[in-house]
Amino acid sequence: MELTRRDALLIGAGAAAAAALPLPALAAEQAAMDEAIAAFTGGAAVTEGGVEIGAPEIAENGNTVPIEVGAAGAASILILADGNPNPGVATFNFGKLATASTASTRIRLAKTQNIVAVAKLEDGSFVKGSRTVKVTIGGCGG
Amino acid sequence: MAKVKPRVKVPKKAKAGETITIKTLISHPMESGQRKDRKTGELIPRKIINKFVATFNGETVVDFTIDPAVSANPYFEFDMVVPEAGTVRFEWTDDDGAVYDIEKSIAVTA
């Protein structure tokens, strides 16, 4: 195939868009995230979707960001934040009486980042969801 | 150390099979272990609530494992089905091994 100038520009623009889509997460952060997810799932496959994450789009104070997670039929939900010094936030285990499998809490976010929730369903499969929260003032250190 | 005071909001009455919302709050600094003392420059050691468990008549409702990323004065809200009259017991476990607890009873109305 002959590569015209127009094609080259298109490919270049596509590559730039693809690179910009996932937030610029450092490789180390990604590795820590993958490790935390693997520890939770035991290496099982994780499907996207099925986890609800409620969080503000913009959090002015990273010290207390209200979040809500829920997944229908989840036995436990692991919450991670990829831009914090340690990705782990909390693990929620739901008993038989907590039928809705939803819970809210307030968390610390060091900077603008993604919140990732991985839910273990009662049948043993795993689903995942994520949401970006913009943080004006970080909530770590100080 | 500041006094740790657990507070929970549980309805006093519920219908059997009704879903209720429970809100809990405990005053605790949740020292993350990342902060430095401004005068000495040394890290302030980590001291957080690392576990929160709610049980109803002995059966676990929720069991939360908590990391330092949870805010100071950790707040939790969750839903629960009331199968019968009974007592909800809440327990928070500190890094230093201390356990803070509180109990609330729920009466069942017809």
# chains A, B, ... in the order shown; residues from 1 in each chain; ligands from 1

$ closest_atom_pairs --of "chain A" --to "chain B" --cutoff "10 Å" --atoms "only C-alpha atoms" --output "CSV"
residue,atom,partner,partner_atom,distance
A:Gly62,CA,B:Ser71,CA,9.2
A:Asn63,CA,B:Ser71,CA,6.2
A:Thr64,CA,B:Ser71,CA,5.6
A:Val65,CA,B:Ser71,CA,8.0
A:Pro66,CA,B:Tyr75,CA,9.3
A:Glu68,CA,B:Glu77,CA,8.8
A:Gly70,CA,B:Phe78,CA,9.9
A:Ala75,CA,B:Val62,CA,9.8
A:Ser76,CA,B:Asp63,CA,9.0
A:Ile77,CA,B:Phe64,CA,9.4
A:Leu78,CA,B:Thr65,CA,9.3
A:Ile79,CA,B:Ile66,CA,9.8
A:Leu80,CA,B:Ala69,CA,9.2
A:Ala81,CA,B:Ala69,CA,8.5
A:Asn84,CA,B:Ala69,CA,7.8
A:Pro85,CA,B:Gln34,CA,8.4
A:Asn86,CA,B:Ala69,CA,8.0
A:Pro87,CA,B:Ala69,CA,8.3
A:Gly88,CA,B:Asp67,CA,6.1
A:Val89,CA,B:Ala69,CA,5.0
A:Ala90,CA,B:Ile66,CA,4.4
A:Thr91,CA,B:Thr65,CA,4.9
A:Phe92,CA,B:Phe64,CA,4.4
A:Asn93,CA,B:Asp63,CA,4.9
A:Phe94,CA,B:Val62,CA,4.6
A:Gly95,CA,B:Val61,CA,4.5
A:Lys96,CA,B:Val61,CA,6.6
A:Leu97,CA,B:Val81,CA,5.2
A:Ala98,CA,B:Met80,CA,4.5
A:Thr99,CA,B:Met80,CA,6.5
A:Ala100,CA,B:Asp79,CA,6.3
A:Ser101,CA,B:Asp79,CA,7.6
A:Thr102,CA,B:Phe78,CA,6.1
A:Ala103,CA,B:Phe78,CA,4.5
A:Ser104,CA,B:Glu77,CA,5.0
A:Thr105,CA,B:Phe76,CA,4.7
A:Arg106,CA,B:Ser71,CA,5.7
A:Ile107,CA,B:Val70,CA,4.2
A:Arg108,CA,B:Ala69,CA,5.0
A:Leu109,CA,B:Ala69,CA,7.2
A:Ala110,CA,B:Ala69,CA,9.0
A:Gly139,CA,B:Ser71,CA,8.8
A:Cys140,CA,B:Gln34,CA,7.1
A:Gly141,CA,B:Arg35,CA,4.5
A:Gly142,CA,B:Arg35,CA,6.3

$ select_by_dssp --residues "chain B" --states "strand (DSSP E)" --output "PDB file with C-alpha atoms, in the first residue's frame"
ATOM      1  CA  PRO B   6     -18.795   5.880  67.050  1.00  0.00           C
ATOM      2  CA  ARG B   7     -22.144   7.140  65.828  1.00  0.00           C
ATOM      3  CA  VAL B   8     -24.723   5.169  63.880  1.00  0.00           C
ATOM      4  CA  LYS B   9     -28.124   5.928  62.482  1.00  0.00           C
ATOM      5  CA  LYS B  13     -38.664   0.183  63.817  1.00  0.00           C
ATOM      6  CA  ALA B  14     -39.015  -1.622  60.542  1.00  0.00           C
ATOM      7  CA  LYS B  15     -41.387  -4.001  58.837  1.00  0.00           C
ATOM      8  CA  THR B  19     -34.831  -2.733  53.412  1.00  0.00           C
ATOM      9  CA  ILE B  20     -33.366  -0.085  55.673  1.00  0.00           C
ATOM     10  CA  THR B  21     -30.424   2.258  55.209  1.00  0.00           C
ATOM     11  CA  ILE B  22     -27.794   2.350  57.899  1.00  0.00           C
ATOM     12  CA  LYS B  23     -25.358   5.244  58.260  1.00  0.00           C
ATOM     13  CA  THR B  24     -22.266   5.040  60.417  1.00  0.00           C
ATOM     14  CA  LEU B  25     -19.582   7.509  61.365  1.00  0.00           C
ATOM     15  CA  ILE B  26     -16.659   7.220  63.744  1.00  0.00           C
ATOM     16  CA  ILE B  49      -9.323   1.924  61.327  1.00  0.00           C
ATOM     17  CA  ASN B  50      -8.567  -1.110  59.191  1.00  0.00           C
ATOM     18  CA  LYS B  51     -11.772  -3.080  59.567  1.00  0.00           C
ATOM     19  CA  PHE B  52     -15.461  -2.357  59.932  1.00  0.00           C
ATOM     20  CA  VAL B  53     -17.988  -5.128  60.510  1.00  0.00           C
ATOM     21  CA  ALA B  54     -21.733  -4.952  61.009  1.00  0.00           C
ATOM     22  CA  THR B  55     -23.627  -8.005  62.217  1.00  0.00           C
ATOM     23  CA  PHE B  56     -27.324  -8.601  62.746  1.00  0.00           C
ATOM     24  CA  GLU B  59     -24.934 -12.835  61.052  1.00  0.00           C
ATOM     25  CA  THR B  60     -22.535 -10.670  59.072  1.00  0.00           C
ATOM     26  CA  VAL B  61     -24.222  -7.915  57.090  1.00  0.00           C
ATOM     27  CA  VAL B  62     -21.157  -6.126  55.776  1.00  0.00           C
ATOM     28  CA  ASP B  63     -17.462  -6.634  56.336  1.00  0.00           C
ATOM     29  CA  PHE B  64     -15.271  -3.798  55.065  1.00  0.00           C
ATOM     30  CA  THR B  65     -11.481  -3.917  54.847  1.00  0.00           C
ATOM     31  CA  ILE B  66     -10.160  -0.380  54.855  1.00  0.00           C
ATOM     32  CA  TYR B  75     -18.296   7.266  57.089  1.00  0.00           C
ATOM     33  CA  PHE B  76     -20.135   4.241  55.722  1.00  0.00           C
ATOM     34  CA  GLU B  77     -23.638   3.871  54.451  1.00  0.00           C
ATOM     35  CA  PHE B  78     -25.254   0.633  53.330  1.00  0.00           C
ATOM     36  CA  ASP B  79     -28.612  -1.079  52.940  1.00  0.00           C
ATOM     37  CA  MET B  80     -29.825  -4.061  54.876  1.00  0.00           C
ATOM     38  CA  VAL B  81     -32.924  -6.241  54.907  1.00  0.00           C
ATOM     39  CA  GLY B  86     -32.943  -8.024  66.582  1.00  0.00           C
ATOM     40  CA  THR B  87     -29.767  -6.151  67.292  1.00  0.00           C
ATOM     41  CA  VAL B  88     -27.264  -4.694  64.874  1.00  0.00           C
ATOM     42  CA  ARG B  89     -23.748  -4.652  66.211  1.00  0.00           C
ATOM     43  CA  PHE B  90     -21.063  -2.439  64.684  1.00  0.00           C
ATOM     44  CA  GLU B  91     -17.359  -2.982  65.263  1.00  0.00           C
ATOM     45  CA  TRP B  92     -14.423  -0.876  64.147  1.00  0.00           C
ATOM     46  CA  THR B  93     -10.907  -2.294  64.548  1.00  0.00           C
ATOM     47  CA  ASP B  94      -7.997   0.085  64.986  1.00  0.00           C
ATOM     48  CA  VAL B  99     -12.028  -2.340  68.977  1.00  0.00           C
ATOM     49  CA  TYR B 100     -14.767   0.274  69.160  1.00  0.00           C
ATOM     50  CA  ASP B 101     -18.293  -1.043  69.152  1.00  0.00           C
ATOM     51  CA  ILE B 102     -21.903   0.054  69.417  1.00  0.00           C
ATOM     52  CA  GLU B 103     -25.205  -1.815  69.286  1.00  0.00           C
ATOM     53  CA  LYS B 104     -28.655  -0.755  68.127  1.00  0.00           C
ATOM     54  CA  SER B 105     -31.830  -2.771  68.338  1.00  0.00           C
ATOM     55  CA  ILE B 106     -34.521  -2.847  65.681  1.00  0.00           C
ATOM     56  CA  ALA B 107     -38.123  -3.654  66.530  1.00  0.00           C
ATOM     57  CA  VAL B 108     -40.348  -5.249  63.917  1.00  0.00           C
ATOM     58  CA  THR B 109     -43.802  -3.810  63.338  1.00  0.00           C
TER      59      THR B 109
END

$ residues_around --residues "Thr132 (chain A)" --least-positions-apart "2" --cutoff "8 Å" --atoms "only C-alpha atoms" --output "list in words"
Glu57, Thr112, Gln113, Asn114, Ile115, Ser130 and Lys134 of chain A

$ write_last_selection --atoms "N, CA, C and O atoms" --output "compact mmCIF listing (two decimals), in the first residue's frame"
# COMPACT_ATOMS: atom_id res chain seq x y z
N GLU A 57 -17.92 14.60 39.58
CA GLU A 57 -17.03 14.75 38.43
C GLU A 57 -15.81 15.56 38.84
O GLU A 57 -14.69 15.24 38.47
N THR A 112 -6.11 14.19 40.37
CA THR A 112 -7.10 13.76 39.40
C THR A 112 -6.76 12.34 38.94
O THR A 112 -5.63 12.08 38.57
N GLN A 113 -7.72 11.45 39.00
CA GLN A 113 -7.41 10.06 38.71
C GLN A 113 -8.68 9.25 38.48
O GLN A 113 -9.79 9.77 38.56
N ASN A 114 -8.47 7.95 38.20
CA ASN A 114 -9.60 7.05 38.00
C ASN A 114 -9.87 6.26 39.27
O ASN A 114 -8.94 5.81 39.92
N ILE A 115 -11.15 6.10 39.57
CA ILE A 115 -11.55 5.17 40.61
C ILE A 115 -11.98 3.90 39.90
O ILE A 115 -12.79 3.95 38.97
N SER A 130 -15.06 1.82 36.03
CA SER A 130 -14.16 2.86 36.48
C SER A 130 -14.77 4.22 36.20
O SER A 130 -15.70 4.36 35.41
N LYS A 134 -11.95 14.51 38.89
CA LYS A 134 -10.97 15.60 38.85
C LYS A 134 -10.85 16.17 40.25
O LYS A 134 -11.84 16.46 40.90

$ closest_residue --among "B:Asp96, B:Lys12, B:Ser27, B:Val4" --to "Pro45 (chain B)" --atoms "only C-alpha atoms"
B:Asp96

$ residues_around --residues "Leu121 (chain A)" --least-positions-apart "2" --cutoff "7 Å" --atoms "only C-alpha atoms" --output "PDB file with N, CA and C atoms, in the first residue's frame"
ATOM      1  N   GLY A  73     -25.895  -8.304  42.794  1.00  0.00           N
ATOM      2  CA  GLY A  73     -25.451  -9.660  43.073  1.00  0.00           C
ATOM      3  C   GLY A  73     -23.984  -9.786  43.432  1.00  0.00           C
ATOM      4  N   ALA A  74     -23.386  -8.688  43.904  1.00  0.00           N
ATOM      5  CA  ALA A  74     -21.964  -8.756  44.239  1.00  0.00           C
ATOM      6  C   ALA A  74     -21.774  -9.296  45.653  1.00  0.00           C
ATOM      7  N   ALA A  75     -20.794 -10.177  45.809  1.00  0.00           N
ATOM      8  CA  ALA A  75     -20.457 -10.673  47.136  1.00  0.00           C
ATOM      9  C   ALA A  75     -19.422  -9.761  47.776  1.00  0.00           C
ATOM     10  N   ALA A 119     -15.864  -6.015  41.138  1.00  0.00           N
ATOM     11  CA  ALA A 119     -16.836  -6.721  41.967  1.00  0.00           C
ATOM     12  C   ALA A 119     -16.753  -8.212  41.705  1.00  0.00           C
ATOM     13  N   ASP A 123     -21.728 -15.787  41.572  1.00  0.00           N
ATOM     14  CA  ASP A 123     -21.359 -16.974  40.796  1.00  0.00           C
ATOM     15  C   ASP A 123     -19.849 -17.101  40.611  1.00  0.00           C
ATOM     16  N   GLY A 124     -19.067 -16.201  41.208  1.00  0.00           N
ATOM     17  CA  GLY A 124     -17.614 -16.322  41.147  1.00  0.00           C
ATOM     18  C   GLY A 124     -16.963 -15.542  40.022  1.00  0.00           C
ATOM     19  N   SER A 125     -17.761 -14.905  39.149  1.00  0.00           N
ATOM     20  CA  SER A 125     -17.162 -14.133  38.061  1.00  0.00           C
ATOM     21  C   SER A 125     -16.876 -12.711  38.552  1.00  0.00           C
ATOM     22  N   PHE A 126     -16.069 -11.994  37.765  1.00  0.00           N
ATOM     23  CA  PHE A 126     -15.652 -10.661  38.171  1.00  0.00           C
ATOM     24  C   PHE A 126     -16.057  -9.627  37.129  1.00  0.00           C
TER      25      PHE A 126
END

$ atom_distance --atom1 "CA of Arg131 (chain A)" --atom2 "CA of Val116 (chain A)"
6.6 Å

$ decode --residues "region 85-129 of chain A" --atoms "C-alpha atoms" --output "PDB file, in the first residue's frame"
ATOM      1  CA  PRO A  85       0.513   6.451  46.634  1.00  0.00           C
ATOM      2  CA  ASN A  86      -1.100   3.053  47.259  1.00  0.00           C
ATOM      3  CA  PRO A  87      -3.935   2.048  44.950  1.00  0.00           C
ATOM      4  CA  GLY A  88      -6.013   0.226  47.566  1.00  0.00           C
ATOM      5  CA  VAL A  89      -8.983   2.121  49.012  1.00  0.00           C
ATOM      6  CA  ALA A  90     -11.233  -0.489  50.578  1.00  0.00           C
ATOM      7  CA  THR A  91     -12.788  -3.905  50.112  1.00  0.00           C
ATOM      8  CA  PHE A  92     -16.487  -4.234  50.832  1.00  0.00           C
ATOM      9  CA  ASN A  93     -17.821  -7.717  51.600  1.00  0.00           C
ATOM     10  CA  PHE A  94     -21.581  -8.076  51.628  1.00  0.00           C
ATOM     11  CA  GLY A  95     -23.463 -10.686  53.624  1.00  0.00           C
ATOM     12  CA  LYS A  96     -26.855 -12.184  52.779  1.00  0.00           C
ATOM     13  CA  LEU A  97     -28.756  -9.391  54.512  1.00  0.00           C
ATOM     14  CA  ALA A  98     -27.059  -6.653  52.468  1.00  0.00           C
ATOM     15  CA  THR A  99     -29.125  -7.501  49.408  1.00  0.00           C
ATOM     16  CA  ALA A 100     -28.547  -4.288  47.498  1.00  0.00           C
ATOM     17  CA  SER A 101     -24.751  -4.736  47.541  1.00  0.00           C
ATOM     18  CA  THR A 102     -24.209  -0.992  47.536  1.00  0.00           C
ATOM     19  CA  ALA A 103     -22.321   1.131  49.994  1.00  0.00           C
ATOM     20  CA  SER A 104     -21.063   4.688  50.236  1.00  0.00           C
ATOM     21  CA  THR A 105     -18.079   6.167  51.963  1.00  0.00           C
ATOM     22  CA  ARG A 106     -15.679   9.082  51.718  1.00  0.00           C
ATOM     23  CA  ILE A 107     -12.182   8.646  50.395  1.00  0.00           C
ATOM     24  CA  ARG A 108      -8.930  10.526  49.866  1.00  0.00           C
ATOM     25  CA  LEU A 109      -7.653  11.231  46.380  1.00  0.00           C
ATOM     26  CA  ALA A 110      -4.156  12.613  45.892  1.00  0.00           C
ATOM     27  CA  LYS A 111      -4.840  14.038  42.416  1.00  0.00           C
ATOM     28  CA  THR A 112      -7.102  13.760  39.402  1.00  0.00           C
ATOM     29  CA  GLN A 113      -7.409  10.055  38.709  1.00  0.00           C
ATOM     30  CA  ASN A 114      -9.602   7.050  37.996  1.00  0.00           C
ATOM     31  CA  ILE A 115     -11.547   5.171  40.612  1.00  0.00           C
ATOM     32  CA  VAL A 116     -11.769   1.517  39.687  1.00  0.00           C
ATOM     33  CA  ALA A 117     -14.169  -0.916  41.295  1.00  0.00           C
ATOM     34  CA  VAL A 118     -13.899  -4.663  40.781  1.00  0.00           C
ATOM     35  CA  ALA A 119     -16.836  -6.721  41.967  1.00  0.00           C
ATOM     36  CA  LYS A 120     -16.908 -10.420  42.686  1.00  0.00           C
ATOM     37  CA  LEU A 121     -20.353 -11.745  41.866  1.00  0.00           C
ATOM     38  CA  GLU A 122     -22.022 -14.596  43.693  1.00  0.00           C
ATOM     39  CA  ASP A 123     -21.359 -16.974  40.796  1.00  0.00           C
ATOM     40  CA  GLY A 124     -17.614 -16.322  41.147  1.00  0.00           C
ATOM     41  CA  SER A 125     -17.162 -14.133  38.061  1.00  0.00           C
ATOM     42  CA  PHE A 126     -15.652 -10.661  38.171  1.00  0.00           C
ATOM     43  CA  VAL A 127     -16.855  -7.382  36.697  1.00  0.00           C
ATOM     44  CA  LYS A 128     -15.182  -4.005  36.657  1.00  0.00           C
ATOM     45  CA  GLY A 129     -16.086  -0.363  36.294  1.00  0.00           C
TER      46      GLY A 129
END
